[in-house]
$ cat model-v5.pdb   # PDB, C-alpha atoms
ATOM      1  CA  MET E   1     110.317  90.436-288.541  1.00  0.00           C
ATOM      2  CA  SER E   2     108.605  87.108-288.200  1.00  0.00           C
ATOM      3  CA  ASP E   3     108.344  85.170-284.930  1.00  0.00           C
ATOM      4  CA  ASP E   4     109.461  82.079-286.896  1.00  0.00           C
ATOM      5  CA  VAL E   5     113.040  83.286-286.582  1.00  0.00           C
ATOM      6  CA  PHE E   6     112.981  82.500-282.859  1.00  0.00           C
ATOM      7  CA  ASP E   7     111.472  79.019-283.113  1.00  0.00           C
ATOM      8  CA  TYR E   8     113.774  76.354-281.810  1.00  0.00           C
ATOM      9  CA  ASP E   9     113.556  72.695-280.909  1.00  0.00           C
ATOM     10  CA  ASP E  10     113.149  72.404-277.146  1.00  0.00           C
ATOM     11  CA  SER E  11     112.289  68.704-277.136  1.00  0.00           C
ATOM     12  CA  GLY E  12     115.448  67.868-275.170  1.00  0.00           C
ATOM     13  CA  TYR E  13     114.724  70.334-272.380  1.00  0.00           C
ATOM     14  CA  ASP E  14     112.676  67.925-270.240  1.00  0.00           C
ATOM     15  CA  LYS E  15     115.442  65.324-270.379  1.00  0.00           C
ATOM     16  CA  PHE E  16     118.067  67.962-269.538  1.00  0.00           C
ATOM     17  CA  ASP E  17     115.923  69.256-266.670  1.00  0.00           C
ATOM     18  CA  ALA E  18     115.554  65.738-265.236  1.00  0.00           C
ATOM     19  CA  ILE E  19     119.314  65.146-265.425  1.00  0.00           C
ATOM     20  CA  MET E  20     120.086  68.443-263.727  1.00  0.00           C
ATOM     21  CA  LYS E  21     117.550  67.771-260.967  1.00  0.00           C
ATOM     22  CA  ALA E  22     119.105  64.350-260.308  1.00  0.00           C
ATOM     23  CA  GLN E  23     122.583  65.882-260.154  1.00  0.00           C
ATOM     24  CA  GLN E  24     121.356  68.578-257.782  1.00  0.00           C
ATOM     25  CA  GLU E  25     119.778  65.963-255.498  1.00  0.00           C
ATOM     26  CA  GLU E  26     122.987  63.911-255.518  1.00  0.00           C
ATOM     27  CA  ALA E  27     125.059  66.982-254.673  1.00  0.00           C
ATOM     28  CA  TYR E  28     122.681  67.823-251.819  1.00  0.00           C
ATOM     29  CA  PHE E  29     122.974  64.239-250.499  1.00  0.00           C
ATOM     30  CA  TYR E  30     126.776  64.390-250.390  1.00  0.00           C
ATOM     31  CA  HIS E  31     126.722  67.859-248.825  1.00  0.00           C
ATOM     32  CA  THR E  32     124.347  66.605-246.122  1.00  0.00           C
ATOM     33  CA  LEU E  33     126.484  63.510-245.557  1.00  0.00           C
ATOM     34  CA  ALA E  34     129.547  65.720-245.093  1.00  0.00           C
ATOM     35  CA  ASP E  35     127.613  67.825-242.567  1.00  0.00           C
ATOM     36  CA  PHE E  36     126.623  64.648-240.683  1.00  0.00           C
ATOM     37  CA  GLU E  37     130.257  63.503-240.580  1.00  0.00           C
ATOM     38  CA  GLY E  38     131.272  66.955-239.373  1.00  0.00           C
ATOM     39  CA  PHE E  39     128.761  66.809-236.529  1.00  0.00           C
ATOM     40  CA  ILE E  40     130.115  63.419-235.459  1.00  0.00           C
ATOM     41  CA  LYS E  41     133.688  64.753-235.465  1.00  0.00           C
ATOM     42  CA  GLU E  42     132.699  67.910-233.596  1.00  0.00           C
ATOM     43  CA  LEU E  43     130.096  66.607-231.150  1.00  0.00           C
ATOM     44  CA  GLY E  44     130.876  62.902-230.952  1.00  0.00           C
ATOM     45  CA  ALA E  45     129.075  59.902-232.367  1.00  0.00           C
ATOM     46  CA  LYS E  46     127.304  59.080-229.110  1.00  0.00           C
ATOM     47  CA  TYR E  47     125.705  62.516-228.948  1.00  0.00           C
ATOM     48  CA  VAL E  48     124.712  62.635-232.631  1.00  0.00           C
ATOM     49  CA  LEU E  49     123.260  59.117-232.592  1.00  0.00           C
ATOM     50  CA  GLY E  50     121.416  59.954-229.383  1.00  0.00           C
ATOM     51  CA  GLU E  51     119.699  62.829-231.151  1.00  0.00           C
ATOM     52  CA  LEU E  52     118.454  60.627-234.006  1.00  0.00           C
ATOM     53  CA  ASP E  53     114.964  59.238-234.229  1.00  0.00           C
ATOM     54  CA  ASP E  54     114.693  55.701-232.755  1.00  0.00           C
ATOM     55  CA  GLU E  55     113.663  54.235-236.114  1.00  0.00           C
ATOM     56  CA  ILE E  56     116.673  55.758-237.862  1.00  0.00           C
ATOM     57  CA  ARG E  57     119.013  54.557-235.113  1.00  0.00           C
ATOM     58  CA  LYS E  58     117.640  51.009-235.512  1.00  0.00           C
ATOM     59  CA  GLN E  59     118.177  51.166-239.278  1.00  0.00           C
ATOM     60  CA  LEU E  60     121.782  52.233-238.732  1.00  0.00           C
ATOM     61  CA  GLU E  61     122.355  49.433-236.222  1.00  0.00           C
ATOM     62  CA  GLU E  62     121.002  46.879-238.711  1.00  0.00           C
ATOM     63  CA  ALA E  63     123.182  48.270-241.485  1.00  0.00           C
ATOM     64  CA  PHE E  64     126.321  48.021-239.331  1.00  0.00           C
ATOM     65  CA  LYS E  65     125.531  44.401-238.443  1.00  0.00           C
ATOM     66  CA  GLN E  66     125.664  43.349-242.093  1.00  0.00           C
TER      67      GLN E  66
END

$ encode --input "model-v5.pdb" --output "structure tokens"
Amino acid sequence: MSDDVFDYDDSGYDKFDAIMKAQQEEAYFYHTLADFEGFIKELGAKYVLGELDDEIRKQLEEAFKQ
């Protein structure tokens, strides 16, 4: 049996892989966001924000001002 039988066009694999990686990253983002919201509900916003890095807290303050 010849190996030619198993040849297939895999030129679309890289594009598929990139799409799947982007979807996985987006899913991870929303999962993390849900965790963050859960911490605020459970522990309180003041506590959670107090645990954040100063730079991140400043970025959030600026975003809420807009």

$ residues_around --input "model-v5.pdb" --residues "Ile40 in chain E" --least-positions-apart "6" --cutoff "12 Å" --atoms "only C-alpha atoms" --output "PDB file with C-alpha atoms, in the frame of the given file"
ATOM      1  CA  LEU E  33     126.484  63.510-245.557  1.00  0.00           C
ATOM      2  CA  ALA E  34     129.547  65.720-245.093  1.00  0.00           C
ATOM      3  CA  LYS E  46     127.304  59.080-229.110  1.00  0.00           C
ATOM      4  CA  TYR E  47     125.705  62.516-228.948  1.00  0.00           C
ATOM      5  CA  VAL E  48     124.712  62.635-232.631  1.00  0.00           C
ATOM      6  CA  LEU E  49     123.260  59.117-232.592  1.00  0.00           C
ATOM      7  CA  GLY E  50     121.416  59.954-229.383  1.00  0.00           C
ATOM      8  CA  GLU E  51     119.699  62.829-231.151  1.00  0.00           C
TER       9      GLU E  51
END

$ atom_distance --input "model-v5.pdb" --atom1 "CA of Asp35 in chain E" --atom2 "CA of Asp17 in chain E"
26.8 Å

$ atom_distance --input "model-v5.pdb" --atom1 "CA of Ser11 in chain E" --atom2 "CA of Gln24 in chain E"
21.4 Å

$ atom_distance --input "model-v5.pdb" --atom1 "CA of Ala45 in chain E" --atom2 "CA of Glu61 in chain E"
13.0 Å

$ axis_aligned_box --input "model-v5.pdb" --around "range 18-27 of chain E" --padding-each-side "8 Å" --output "JSON"
{"center_x": 120.3, "center_y": 66.2, "center_z": -260.0, "size_x": 25.5, "size_y": 20.7, "size_z": 26.8}

$ decode --input "model-v5.pdb" --residues "range 26-42 of chain E" --atoms "N, CA and C atoms" --output "mmCIF file, in the first residue's frame"
data_model
loop_
_atom_site.group_PDB
_atom_site.id
_atom_site.type_symbol
_atom_site.label_atom_id
_atom_site.label_comp_id
_atom_site.auth_asym_id
_atom_site.auth_seq_id
_atom_site.Cartn_x
_atom_site.Cartn_y
_atom_site.Cartn_z
ATOM 1 N N GLU E 26 -10.647 34.014 24.301
ATOM 2 C CA GLU E 26 -11.862 34.760 24.610
ATOM 3 C C GLU E 26 -12.660 34.055 25.709
ATOM 4 N N ALA E 27 -12.765 32.751 25.623
ATOM 5 C CA ALA E 27 -13.476 31.984 26.643
ATOM 6 C C ALA E 27 -12.790 32.139 27.998
ATOM 7 N N TYR E 28 -11.476 32.102 28.013
ATOM 8 C CA TYR E 28 -10.722 32.276 29.258
ATOM 9 C C TYR E 28 -10.968 33.661 29.844
ATOM 10 N N PHE E 29 -11.002 34.700 28.980
ATOM 11 C CA PHE E 29 -11.266 36.064 29.431
ATOM 12 C C PHE E 29 -12.613 36.145 30.145
ATOM 13 N N TYR E 30 -13.663 35.607 29.512
ATOM 14 C CA TYR E 30 -14.993 35.686 30.108
ATOM 15 C C TYR E 30 -15.108 34.845 31.379
ATOM 16 N N HIS E 31 -14.407 33.739 31.427
ATOM 17 C CA HIS E 31 -14.383 32.917 32.646
ATOM 18 C C HIS E 31 -13.712 33.694 33.781
ATOM 19 N N THR E 32 -12.601 34.349 33.475
ATOM 20 C CA THR E 32 -11.882 35.138 34.472
ATOM 21 C C THR E 32 -12.718 36.324 34.931
ATOM 22 N N LEU E 33 -13.403 36.971 34.001
ATOM 23 C CA LEU E 33 -14.275 38.091 34.341
ATOM 24 C C LEU E 33 -15.396 37.639 35.282
ATOM 25 N N ALA E 34 -15.965 36.479 35.009
ATOM 26 C CA ALA E 34 -17.005 35.936 35.886
ATOM 27 C C ALA E 34 -16.442 35.645 37.274
ATOM 28 N N ASP E 35 -15.231 35.132 37.349
ATOM 29 C CA ASP E 35 -14.585 34.897 38.645
ATOM 30 C C ASP E 35 -14.410 36.209 39.401
ATOM 31 N N PHE E 36 -13.958 37.254 38.694
ATOM 32 C CA PHE E 36 -13.755 38.573 39.297
ATOM 33 C C PHE E 36 -15.072 39.099 39.862
ATOM 34 N N GLU E 37 -16.145 38.994 39.074
ATOM 35 C CA GLU E 37 -17.461 39.429 39.544
ATOM 36 C C GLU E 37 -17.891 38.624 40.768
ATOM 37 N N GLY E 38 -17.611 37.337 40.749
ATOM 38 C CA GLY E 38 -17.947 36.485 41.888
ATOM 39 C C GLY E 38 -17.207 36.900 43.149
ATOM 40 N N PHE E 39 -15.945 37.254 43.012
ATOM 41 C CA PHE E 39 -15.174 37.714 44.170
ATOM 42 C C PHE E 39 -15.753 39.007 44.733
ATOM 43 N N ILE E 40 -16.174 39.907 43.854
ATOM 44 C CA ILE E 40 -16.771 41.163 44.315
ATOM 45 C C ILE E 40 -18.071 40.881 45.065
ATOM 46 N N LYS E 41 -18.897 39.989 44.541
ATOM 47 C CA LYS E 41 -20.153 39.650 45.218
ATOM 48 C C LYS E 41 -19.897 38.975 46.563
ATOM 49 N N GLU E 42 -18.898 38.109 46.609
ATOM 50 C CA GLU E 42 -18.622 37.338 47.817
ATOM 51 C C GLU E 42 -17.850 38.137 48.863
#
